[in-house]
Amino acid sequence: MATQTLSQLHRIVLRKWTGAAWEVMTIEPSDLGQDSYITFNLAPRKQSRASAQGTTETPISGTFDSLSASIEFLADNAKIIGKAIGNWAEATYASATSLAGNVVFGGADDLCAGGEYYSVVAQGICDDGSTADVEFTRCLPSLDGDITLGGSDTATVTLALNPIIYNAAEHSSDGYPAYTARLGDADLTKKVRLDVTDGTYKEEES
């Protein structure tokens, strides 16, 4: 089993490429419970070879038998749920607050935001540049579990990220990084940190 868990999350960043810039939504530490974590499975597809000496298995480079990831966060309001799945409509009436709006399921919309990708970056609590980052470059987030609203405790929501495997024929010019997932540094030549205001990695000042 190749399931891995990154605990002690600092922040979750969901980036959507608009064609000219990143549209950014963050799940901040105050929205991450003490037990929040990201779980991912990157099991490679394997090739079997049976011979007189026995059967061996070798991983096939660039392929996955299983690719999945999910995160948990606290949902104090509907907005954070709607933004996480790309399905939030803000209210426009005169006295509307930043939390006024709705999330509509079904109809013309779906839980995968109409097929629009998110790049999801999870930052560890020991945030030092990008060395603690986990990134899934193309995700179609969805809510796959139950949500309990109106209880004595704040609802905990599990968001399935549904990462997409990189395919050069389809994805090489879509504006997202040219890989499926990344653990650790975003740049090996200099220390960089994700700027959550514009969704880009920028060099750390010494």
# chains A, B, ... in the order shown; residues from 1 in each chain; ligands from 1

call {"tool": "select_by_dssp", "arguments": {"residues": "chain A", "states": "strand (DSSP E or B)", "output": "PyMOL selection string"}}
result
chain A and resi 3-7+9-17+22-27+37-41+44-51+54-64+68-75+89-90+101-102+118-124+133-139+142-143+155-160+163+181-183+192-195+200-203

call {"tool": "write_last_selection", "arguments": {"atoms": "C-alpha atoms", "output": "tab-separated table (two decimals), in the first residue's frame"}}
result
chain	number	residue	atom	x	y	z
A	3	THR	CA	-0.79	5.63	1.07
A	4	GLN	CA	1.06	8.48	2.76
A	5	THR	CA	-0.18	11.07	5.23
A	6	LEU	CA	1.14	14.59	5.77
A	7	SER	CA	-0.07	15.89	9.12
A	9	LEU	CA	-0.75	21.25	7.90
A	10	HIS	CA	-0.14	24.99	7.86
A	11	ARG	CA	-2.25	26.01	4.86
A	12	ILE	CA	-4.05	24.61	1.81
A	13	VAL	CA	-3.86	26.69	-1.36
A	14	LEU	CA	-6.17	26.06	-4.31
A	15	ARG	CA	-5.00	27.78	-7.49
A	16	LYS	CA	-7.03	28.05	-10.71
A	17	TRP	CA	-5.31	29.26	-13.88
A	22	TRP	CA	-3.75	32.45	-10.86
A	23	GLU	CA	-7.06	32.82	-9.03
A	24	VAL	CA	-6.27	31.81	-5.44
A	25	MET	CA	-8.38	30.46	-2.59
A	26	THR	CA	-6.73	29.50	0.70
A	27	ILE	CA	-7.79	27.38	3.64
A	37	TYR	CA	-4.04	16.27	7.19
A	38	ILE	CA	-3.62	15.42	3.54
A	39	THR	CA	-3.62	11.75	2.54
A	40	PHE	CA	-2.34	10.67	-0.84
A	41	ASN	CA	-1.77	7.42	-2.70
A	44	PRO	CA	2.82	2.96	-9.45
A	45	ARG	CA	1.56	0.54	-12.06
A	46	LYS	CA	3.80	-2.53	-12.15
A	47	GLN	CA	4.86	-4.93	-14.85
A	48	SER	CA	5.12	-8.60	-13.96
A	49	ARG	CA	7.67	-10.97	-15.46
A	50	ALA	CA	7.37	-14.69	-14.80
A	51	SER	CA	10.39	-16.85	-15.47
A	54	GLY	CA	10.26	-16.76	-10.22
A	55	THR	CA	8.03	-13.74	-10.77
A	56	THR	CA	9.34	-10.20	-10.49
A	57	GLU	CA	7.52	-6.88	-10.58
A	58	THR	CA	8.97	-3.58	-11.72
A	59	PRO	CA	7.26	-0.17	-11.64
A	60	ILE	CA	6.42	1.39	-15.00
A	61	SER	CA	7.86	4.89	-15.06
A	62	GLY	CA	5.32	7.72	-15.29
A	63	THR	CA	2.26	5.52	-14.66
A	64	PHE	CA	0.02	5.01	-11.66
A	68	SER	CA	-5.74	9.72	-5.07
A	69	ALA	CA	-5.60	12.46	-2.44
A	70	SER	CA	-7.91	14.05	0.10
A	71	ILE	CA	-7.79	16.73	2.78
A	72	GLU	CA	-9.86	17.52	5.86
A	73	PHE	CA	-10.79	20.99	7.04
A	74	LEU	CA	-13.28	22.77	9.29
A	75	ALA	CA	-16.36	24.23	7.61
A	89	ALA	CA	-22.07	32.17	-5.78
A	90	GLU	CA	-21.74	35.40	-3.80
A	101	GLY	CA	-24.26	33.46	-0.97
A	102	ASN	CA	-25.04	29.86	-1.80
A	118	TYR	CA	-7.34	23.38	-9.41
A	119	SER	CA	-3.67	23.16	-8.54
A	120	VAL	CA	-3.69	22.19	-4.86
A	121	VAL	CA	-0.68	22.99	-2.67
A	122	ALA	CA	-0.53	21.79	0.94
A	123	GLN	CA	2.02	23.53	3.14
A	124	GLY	CA	3.39	21.83	6.23
A	133	ASP	CA	5.05	21.69	0.11
A	134	VAL	CA	2.95	18.93	-1.43
A	135	GLU	CA	1.42	19.84	-4.80
A	136	PHE	CA	-1.11	18.10	-7.01
A	137	THR	CA	-1.06	20.05	-10.25
A	138	ARG	CA	-4.50	19.25	-11.66
A	139	CYS	CA	-7.38	18.36	-9.36
A	142	SER	CA	-15.44	16.97	-4.81
A	143	LEU	CA	-17.28	16.25	-1.57
A	155	ALA	CA	-18.46	20.44	10.69
A	156	THR	CA	-15.34	18.63	9.47
A	157	VAL	CA	-15.36	18.20	5.71
A	158	THR	CA	-13.30	15.71	3.72
A	159	LEU	CA	-12.48	17.06	0.29
A	160	ALA	CA	-11.48	14.48	-2.32
A	163	PRO	CA	-5.88	14.45	-9.03
A	181	ALA	CA	2.46	15.82	-8.34
A	182	ARG	CA	5.41	17.21	-6.41
A	183	LEU	CA	6.81	16.65	-2.93
A	192	VAL	CA	11.29	30.00	-3.16
A	193	ARG	CA	8.03	30.40	-1.29
A	194	LEU	CA	4.45	30.40	-2.56
A	195	ASP	CA	2.94	33.89	-2.56
A	200	THR	CA	3.16	32.25	-7.82
A	201	TYR	CA	6.41	30.99	-6.34
A	202	LYS	CA	8.87	33.80	-5.62
A	203	GLU	CA	12.48	33.77	-4.54

call {"tool": "select_by_dssp", "arguments": {"residues": "region 97-171 of chain A", "states": "alpha helix (DSSP H)", "output": "VMD selection string"}}
result
chain A and resid 168 to 171

call {"tool": "residues_around", "arguments": {"residues": "Asn167 (chain A)", "least_positions_apart": "6", "cutoff": "9 Å", "atoms": "only C-alpha atoms", "output": "ChimeraX atom specification"}}
result
/A:178-180

call {"tool": "write_last_selection", "arguments": {"atoms": "N, CA and C atoms", "output": "CSV table (one decimal), in the first residue's frame"}}
result
chain,number,residue,atom,x,y,z
A,178,ALA,N,4.1,21.0,-15.7
A,178,ALA,CA,4.1,19.8,-16.5
A,178,ALA,C,4.5,18.6,-15.8
A,179,TYR,N,3.8,18.2,-14.7
A,179,TYR,CA,3.9,17.0,-14.0
A,179,TYR,C,2.6,16.7,-13.2
A,180,THR,N,2.6,15.6,-12.6
A,180,THR,CA,1.4,15.1,-11.9
A,180,THR,C,1.3,15.6,-10.5

call {"tool": "atom_distance", "arguments": {"atom1": "CA of Gly86 (chain A)", "atom2": "CA of Gly106 (chain A)"}}
result
13.5 Å

call {"tool": "atom_distance", "arguments": {"atom1": "CA of Val103 (chain A)", "atom2": "CA of Gly82 (chain A)"}}
result
5.5 Å

call {"tool": "closest_residue", "arguments": {"among": "A:Ser98, A:Thr154, A:Ser30, A:Ser66", "to": "Leu42 (chain A)", "atoms": "only C-alpha atoms"}}
result
A:Ser66

call {"tool": "closest_residue", "arguments": {"among": "A:Thr92, A:Thr148, A:Gln53, A:Thr131", "to": "Asp187 (chain A)", "atoms": "only C-alpha atoms"}}
result
A:Thr131

call {"tool": "closest_residue", "arguments": {"among": "A:Ala78, A:Ile165, A:Ala43, A:Val104", "to": "Tyr117 (chain A)", "atoms": "only C-alpha atoms"}}
result
A:Ile165

call {"tool": "decode", "arguments": {"residues": "region 138-166 of chain A", "atoms": "N, CA and C atoms", "output": "PDB file, in the first residue's frame"}}
result
ATOM      1  N   ARG A 138      -3.172  19.145 -11.045  1.00  0.00           N
ATOM      2  CA  ARG A 138      -4.504  19.248 -11.663  1.00  0.00           C
ATOM      3  C   ARG A 138      -5.482  18.400 -10.858  1.00  0.00           C
ATOM      4  N   CYS A 139      -6.410  19.063 -10.196  1.00  0.00           N
ATOM      5  CA  CYS A 139      -7.381  18.359  -9.362  1.00  0.00           C
ATOM      6  C   CYS A 139      -8.796  18.811  -9.711  1.00  0.00           C
ATOM      7  N   LEU A 140      -9.748  17.910  -9.529  1.00  0.00           N
ATOM      8  CA  LEU A 140     -11.165  18.224  -9.664  1.00  0.00           C
ATOM      9  C   LEU A 140     -11.825  17.917  -8.319  1.00  0.00           C
ATOM     10  N   PRO A 141     -11.742  18.841  -7.355  1.00  0.00           N
ATOM     11  CA  PRO A 141     -12.218  18.577  -5.991  1.00  0.00           C
ATOM     12  C   PRO A 141     -13.700  18.242  -5.924  1.00  0.00           C
ATOM     13  N   SER A 142     -14.038  17.338  -5.010  1.00  0.00           N
ATOM     14  CA  SER A 142     -15.437  16.970  -4.807  1.00  0.00           C
ATOM     15  C   SER A 142     -15.653  16.596  -3.346  1.00  0.00           C
ATOM     16  N   LEU A 143     -16.903  16.687  -2.910  1.00  0.00           N
ATOM     17  CA  LEU A 143     -17.283  16.246  -1.569  1.00  0.00           C
ATOM     18  C   LEU A 143     -17.837  14.844  -1.690  1.00  0.00           C
ATOM     19  N   ASP A 144     -17.116  13.879  -1.134  1.00  0.00           N
ATOM     20  CA  ASP A 144     -17.525  12.482  -1.278  1.00  0.00           C
ATOM     21  C   ASP A 144     -18.144  11.900  -0.013  1.00  0.00           C
ATOM     22  N   GLY A 145     -18.036  12.632   1.102  1.00  0.00           N
ATOM     23  CA  GLY A 145     -18.538  12.104   2.363  1.00  0.00           C
ATOM     24  C   GLY A 145     -19.725  12.906   2.882  1.00  0.00           C
ATOM     25  N   ASP A 146     -20.163  12.556   4.087  1.00  0.00           N
ATOM     26  CA  ASP A 146     -21.293  13.235   4.715  1.00  0.00           C
ATOM     27  C   ASP A 146     -20.858  14.548   5.347  1.00  0.00           C
ATOM     28  N   ILE A 147     -21.791  15.493   5.414  1.00  0.00           N
ATOM     29  CA  ILE A 147     -21.567  16.760   6.097  1.00  0.00           C
ATOM     30  C   ILE A 147     -22.666  16.924   7.134  1.00  0.00           C
ATOM     31  N   THR A 148     -22.280  17.160   8.375  1.00  0.00           N
ATOM     32  CA  THR A 148     -23.247  17.384   9.439  1.00  0.00           C
ATOM     33  C   THR A 148     -23.272  18.873   9.768  1.00  0.00           C
ATOM     34  N   LEU A 149     -24.394  19.521   9.543  1.00  0.00           N
ATOM     35  CA  LEU A 149     -24.533  20.947   9.797  1.00  0.00           C
ATOM     36  C   LEU A 149     -25.431  21.181  11.000  1.00  0.00           C
ATOM     37  N   GLY A 150     -25.147  22.243  11.747  1.00  0.00           N
ATOM     38  CA  GLY A 150     -26.000  22.610  12.875  1.00  0.00           C
ATOM     39  C   GLY A 150     -25.756  21.799  14.127  1.00  0.00           C
ATOM     40  N   GLY A 151     -24.659  21.039  14.193  1.00  0.00           N
ATOM     41  CA  GLY A 151     -24.359  20.253  15.386  1.00  0.00           C
ATOM     42  C   GLY A 151     -23.675  21.096  16.440  1.00  0.00           C
ATOM     43  N   SER A 152     -23.261  20.456  17.521  1.00  0.00           N
ATOM     44  CA  SER A 152     -22.613  21.182  18.608  1.00  0.00           C
ATOM     45  C   SER A 152     -21.183  21.576  18.253  1.00  0.00           C
ATOM     46  N   ASP A 153     -20.581  20.863  17.293  1.00  0.00           N
ATOM     47  CA  ASP A 153     -19.219  21.169  16.871  1.00  0.00           C
ATOM     48  C   ASP A 153     -19.219  21.616  15.412  1.00  0.00           C
ATOM     49  N   THR A 154     -18.183  22.338  15.049  1.00  0.00           N
ATOM     50  CA  THR A 154     -18.030  22.758  13.657  1.00  0.00           C
ATOM     51  C   THR A 154     -17.866  21.532  12.767  1.00  0.00           C
ATOM     52  N   ALA A 155     -18.516  21.570  11.613  1.00  0.00           N
ATOM     53  CA  ALA A 155     -18.456  20.438  10.689  1.00  0.00           C
ATOM     54  C   ALA A 155     -17.027  20.241  10.171  1.00  0.00           C
ATOM     55  N   THR A 156     -16.604  18.985  10.097  1.00  0.00           N
ATOM     56  CA  THR A 156     -15.339  18.629   9.470  1.00  0.00           C
ATOM     57  C   THR A 156     -15.646  18.035   8.105  1.00  0.00           C
ATOM     58  N   VAL A 157     -15.065  18.608   7.080  1.00  0.00           N
ATOM     59  CA  VAL A 157     -15.357  18.204   5.708  1.00  0.00           C
ATOM     60  C   VAL A 157     -14.137  17.518   5.110  1.00  0.00           C
ATOM     61  N   THR A 158     -14.365  16.383   4.462  1.00  0.00           N
ATOM     62  CA  THR A 158     -13.298  15.709   3.716  1.00  0.00           C
ATOM     63  C   THR A 158     -13.467  16.043   2.243  1.00  0.00           C
ATOM     64  N   LEU A 159     -12.444  16.656   1.689  1.00  0.00           N
ATOM     65  CA  LEU A 159     -12.480  17.061   0.289  1.00  0.00           C
ATOM     66  C   LEU A 159     -11.611  16.106  -0.522  1.00  0.00           C
ATOM     67  N   ALA A 160     -12.242  15.346  -1.414  1.00  0.00           N
ATOM     68  CA  ALA A 160     -11.482  14.477  -2.324  1.00  0.00           C
ATOM     69  C   ALA A 160     -10.904  15.361  -3.427  1.00  0.00           C
ATOM     70  N   LEU A 161      -9.596  15.298  -3.642  1.00  0.00           N
ATOM     71  CA  LEU A 161      -8.957  16.173  -4.621  1.00  0.00           C
ATOM     72  C   LEU A 161      -9.071  15.643  -6.045  1.00  0.00           C
ATOM     73  N   ASN A 162      -9.211  14.340  -6.206  1.00  0.00           N
ATOM     74  CA  ASN A 162      -9.331  13.714  -7.525  1.00  0.00           C
ATOM     75  C   ASN A 162      -8.250  14.214  -8.490  1.00  0.00           C
ATOM     76  N   PRO A 163      -6.966  13.983  -8.168  1.00  0.00           N
ATOM     77  CA  PRO A 163      -5.885  14.454  -9.033  1.00  0.00           C
ATOM     78  C   PRO A 163      -5.895  13.769 -10.394  1.00  0.00           C
ATOM     79  N   ILE A 164      -5.497  14.524 -11.403  1.00  0.00           N
ATOM     80  CA  ILE A 164      -5.452  14.050 -12.791  1.00  0.00           C
ATOM     81  C   ILE A 164      -4.002  13.735 -13.157  1.00  0.00           C
ATOM     82  N   ILE A 165      -3.775  12.611 -13.801  1.00  0.00           N
ATOM     83  CA  ILE A 165      -2.434  12.227 -14.232  1.00  0.00           C
ATOM     84  C   ILE A 165      -2.021  13.073 -15.434  1.00  0.00           C
ATOM     85  N   TYR A 166      -0.808  13.625 -15.380  1.00  0.00           N
ATOM     86  CA  TYR A 166      -0.316  14.489 -16.457  1.00  0.00           C
ATOM     87  C   TYR A 166      -0.183  13.728 -17.765  1.00  0.00           C
TER      88      TYR A 166
END
